[in-house]
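Inspection log for the structure reproduced underneath, given as structure tokens.
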Amino acid sequence: QVQLVESGGGLVQAGGSLRLSCVASGTTFSINTMGWYRQAPGKQRELVGSITSGGSTSYADSVKGRFTISRDNARNTVSLQMNSLKPEDTAVYYCNSRRTWAKDYNYWGQGTQVTVSS
């Protein structure tokens with residue numbers, strides 16, 4: 001059974017930093033594309049960024065230059081380093097694991113709250 005467990009959320013002032021982590025179990029982590037999504041109150045869930053099995057990353061325009069995704073296959077972990085945080089970054093952040101060649105392979109963590117105060 002695939003499980004994704006996020007950690008690292010919290011309350012931070014604008015301009016501050018947070019690092020989120022997601023540990024995966026029950027899966028061959030190294031071959032998965034890992035993503036971070038977020039959902040603010042009253043809004044749809046949106047993609048923050050992703051990292052492929054080969055380490056290629058992509059980001060939403062709203063976080064480019066501020067957020068960095070990395071992965072450690074030895075620890076089955078994907079991280080999201082968030083710098084220069086803004087109040088509009090406030091949301092529940094979710095970890096996602098998928099395989100582009102297997103549409104049914106799509107798993108989510110439980111989410112972790114990030115709140116940025118102005």
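By order in the structure tokens, chains are A, B, ...; within a chain, residues start at 1; ligands start at 1, following the order shown.
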
If you run DSSP on this backbone, which residues of range 7-112 of chain A come out as strand (DSSP E or B), and could you give them as number ranges by chain? A: 7, 10-13, 18-25, 33-39, 46-51, 57-59, 67-72, 77-82, 91-99, 102-108, 112

Any idea what's packed within 6 Å of Ser97 in chain A, counting only C-alpha atoms, ignoring anything in its chain fewer than 2 positions away? Could you give it as a VMD selection string? chain A and resid 33 to 34 106 to 107

Include N, CA, C and O atoms and write out the residues we just selected as an mmCIF file, in the first residue's frame.
```cif
data_model
loop_
_atom_site.group_PDB
_atom_site.id
_atom_site.type_symbol
_atom_site.label_atom_id
_atom_site.label_comp_id
_atom_site.auth_asym_id
_atom_site.auth_seq_id
_atom_site.Cartn_x
_atom_site.Cartn_y
_atom_site.Cartn_z
ATOM 1 N N THR A 33 7.266 10.080 -10.630
ATOM 2 C CA THR A 33 7.281 11.542 -10.658
ATOM 3 C C THR A 33 6.603 12.028 -9.385
ATOM 4 O O THR A 33 5.501 11.584 -9.057
ATOM 5 N N MET A 34 7.265 12.915 -8.688
ATOM 6 C CA MET A 34 6.737 13.432 -7.430
ATOM 7 C C MET A 34 6.359 14.893 -7.611
ATOM 8 O O MET A 34 7.081 15.666 -8.251
ATOM 9 N N ASN A 106 -1.741 7.089 -8.914
ATOM 10 C CA ASN A 106 -1.849 8.496 -8.538
ATOM 11 C C ASN A 106 -2.205 8.564 -7.054
ATOM 12 O O ASN A 106 -3.339 8.275 -6.682
ATOM 13 N N TYR A 107 -1.243 8.910 -6.213
ATOM 14 C CA TYR A 107 -1.431 8.869 -4.771
ATOM 15 C C TYR A 107 -1.151 10.230 -4.148
ATOM 16 O O TYR A 107 -0.324 11.001 -4.645
#
```

Give the answer as one residue: which of A:Ile69, A:Val114, A:Val23, A:Ile31 has the shortest atom-to-atom distance to Thr100 in chain A, using only C-alpha atoms? A:Ile31

Closest of A:Ser53, A:Ser118, A:Gln1, A:Gln110 to Ala14 in chain A, counting only C-alpha atoms, is A:Ser118

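When the distance limit is 6 Å and only C-alpha atoms are what count, the residues near Val92 in chain A, minus those fewer than 5 positions from it on the same chain, are Arg38, Gln39, Gly111, Thr112, Gln113 and Val114 of chain A.
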
Next, write the just-selected residues to a file, as a PDB file, in the first residue's frame, keeping N, CA, C and O atoms as the atom set.
```pdb
ATOM      1  N   ARG A  38      -0.977  22.542  -3.904  1.00  0.00           N
ATOM      2  CA  ARG A  38      -1.512  23.285  -2.758  1.00  0.00           C
ATOM      3  C   ARG A  38      -2.957  23.684  -3.027  1.00  0.00           C
ATOM      4  O   ARG A  38      -3.379  23.823  -4.174  1.00  0.00           O
ATOM      5  N   GLN A  39      -3.663  23.856  -1.936  1.00  0.00           N
ATOM      6  CA  GLN A  39      -5.063  24.263  -2.031  1.00  0.00           C
ATOM      7  C   GLN A  39      -5.354  25.285  -0.948  1.00  0.00           C
ATOM      8  O   GLN A  39      -5.257  24.977   0.242  1.00  0.00           O
ATOM      9  N   GLY A 111      -1.642  16.035   3.494  1.00  0.00           N
ATOM     10  CA  GLY A 111      -1.521  17.490   3.450  1.00  0.00           C
ATOM     11  C   GLY A 111      -0.906  18.062   4.709  1.00  0.00           C
ATOM     12  O   GLY A 111      -1.025  17.486   5.799  1.00  0.00           O
ATOM     13  N   THR A 112      -0.257  19.193   4.547  1.00  0.00           N
ATOM     14  CA  THR A 112       0.311  19.911   5.680  1.00  0.00           C
ATOM     15  C   THR A 112       0.029  21.407   5.488  1.00  0.00           C
ATOM     16  O   THR A 112       0.172  21.942   4.386  1.00  0.00           O
ATOM     17  N   GLN A 113      -0.384  22.050   6.562  1.00  0.00           N
ATOM     18  CA  GLN A 113      -0.811  23.452   6.485  1.00  0.00           C
ATOM     19  C   GLN A 113       0.392  24.379   6.515  1.00  0.00           C
ATOM     20  O   GLN A 113       1.268  24.253   7.385  1.00  0.00           O
ATOM     21  N   VAL A 114       0.399  25.317   5.582  1.00  0.00           N
ATOM     22  CA  VAL A 114       1.390  26.394   5.578  1.00  0.00           C
ATOM     23  C   VAL A 114       0.633  27.716   5.682  1.00  0.00           C
ATOM     24  O   VAL A 114      -0.254  27.990   4.862  1.00  0.00           O
TER      25      VAL A 114
END
```

Report as a ChimeraX atom specification all protein, DNA and RNA residues lying within 12 Å of Pro87 in chain A, evaluated on only C-alpha atoms, omitting residues in the same chain fewer than 5 positions from it. /A:11-16,40,114-118

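Near Arg19 in chain A, within a cut-off of 10 Å and counting only C-alpha atoms, sit the residues Ser7, Gly8, Gly9, Gly10, Phe67, Thr68, Ile69, Ser79, Leu80, Gln81, Met82 and Asn83 of chain A, with same-chain residues fewer than 6 positions away left out.
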
Could the residues in this selection be written to a file with N, CA and C atoms, as an mmCIF file, in the first residue's frame?
```
data_model
loop_
_atom_site.group_PDB
_atom_site.id
_atom_site.type_symbol
_atom_site.label_atom_id
_atom_site.label_comp_id
_atom_site.auth_asym_id
_atom_site.auth_seq_id
_atom_site.Cartn_x
_atom_site.Cartn_y
_atom_site.Cartn_z
ATOM 1 N N SER A 7 5.424 16.526 6.103
ATOM 2 C CA SER A 7 5.757 17.197 7.353
ATOM 3 C C SER A 7 6.433 18.515 7.034
ATOM 4 N N GLY A 8 6.524 19.375 8.052
ATOM 5 C CA GLY A 8 7.277 20.607 7.898
ATOM 6 C C GLY A 8 6.448 21.868 7.765
ATOM 7 N N GLY A 9 5.129 21.729 7.712
ATOM 8 C CA GLY A 9 4.304 22.920 7.625
ATOM 9 C C GLY A 9 4.305 23.710 8.924
ATOM 10 N N GLY A 10 3.720 24.894 8.863
ATOM 11 C CA GLY A 10 3.653 25.724 10.055
ATOM 12 C C GLY A 10 3.317 27.152 9.729
ATOM 13 N N PHE A 67 10.781 28.735 -4.808
ATOM 14 C CA PHE A 67 10.617 27.370 -4.314
ATOM 15 C C PHE A 67 11.552 26.434 -5.077
ATOM 16 N N THR A 68 12.038 25.409 -4.386
ATOM 17 C CA THR A 68 12.897 24.403 -5.000
ATOM 18 C C THR A 68 12.464 23.018 -4.552
ATOM 19 N N ILE A 69 12.275 22.142 -5.531
ATOM 20 C CA ILE A 69 11.941 20.745 -5.247
ATOM 21 C C ILE A 69 13.192 19.895 -5.412
ATOM 22 N N SER A 79 11.349 16.839 -1.190
ATOM 23 C CA SER A 79 11.292 18.034 -0.355
ATOM 24 C C SER A 79 10.900 19.253 -1.181
ATOM 25 N N LEU A 80 10.342 20.211 -0.490
ATOM 26 C CA LEU A 80 9.988 21.488 -1.102
ATOM 27 C C LEU A 80 10.554 22.593 -0.216
ATOM 28 N N GLN A 81 11.594 23.240 -0.702
ATOM 29 C CA GLN A 81 12.180 24.376 0.009
ATOM 30 C C GLN A 81 11.471 25.630 -0.460
ATOM 31 N N MET A 82 10.881 26.346 0.476
ATOM 32 C CA MET A 82 10.100 27.538 0.149
ATOM 33 C C MET A 82 10.753 28.749 0.794
ATOM 34 N N ASN A 83 11.210 29.653 -0.031
ATOM 35 C CA ASN A 83 11.843 30.887 0.435
ATOM 36 C C ASN A 83 11.012 32.093 0.025
#
```

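Across the structure, CA of Tyr94 in chain A and CA of Ser21 in chain A are spaced 10.1 Å apart.
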
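With only C-alpha atoms as the atoms that count, the residue of A:Val78, A:Pro41, A:Asn73, A:Glu88 with the shortest distance to Thr57 in chain A is A:Val78.
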
Shell of 7 Å around Tyr59 in chain A, only C-alpha atoms, local chain residues under 6 positions omitted, as an NGL selection string: :A and (48-50)

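If you look at CA of Trp36 in chain A and CA of Asp89 in chain A, they are 12.8 Å away from each other.
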
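One distance worth recording is that between CA of Asn96 in chain A and CA of Gln44 in chain A, which is 15.5 Å.
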
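Of the residues listed (A:Thr90, A:Thr52, A:Thr77, A:Ser58), A:Thr77 shows the shortest atom-to-atom separation from Ala24 in chain A; distances use only C-alpha atoms.
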
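Distances from A:Ala60, A:Ile51, A:Cys95, A:Leu20 to Tyr37 in chain A were compared using only C-alpha atoms, and the smallest one belongs to A:Cys95.
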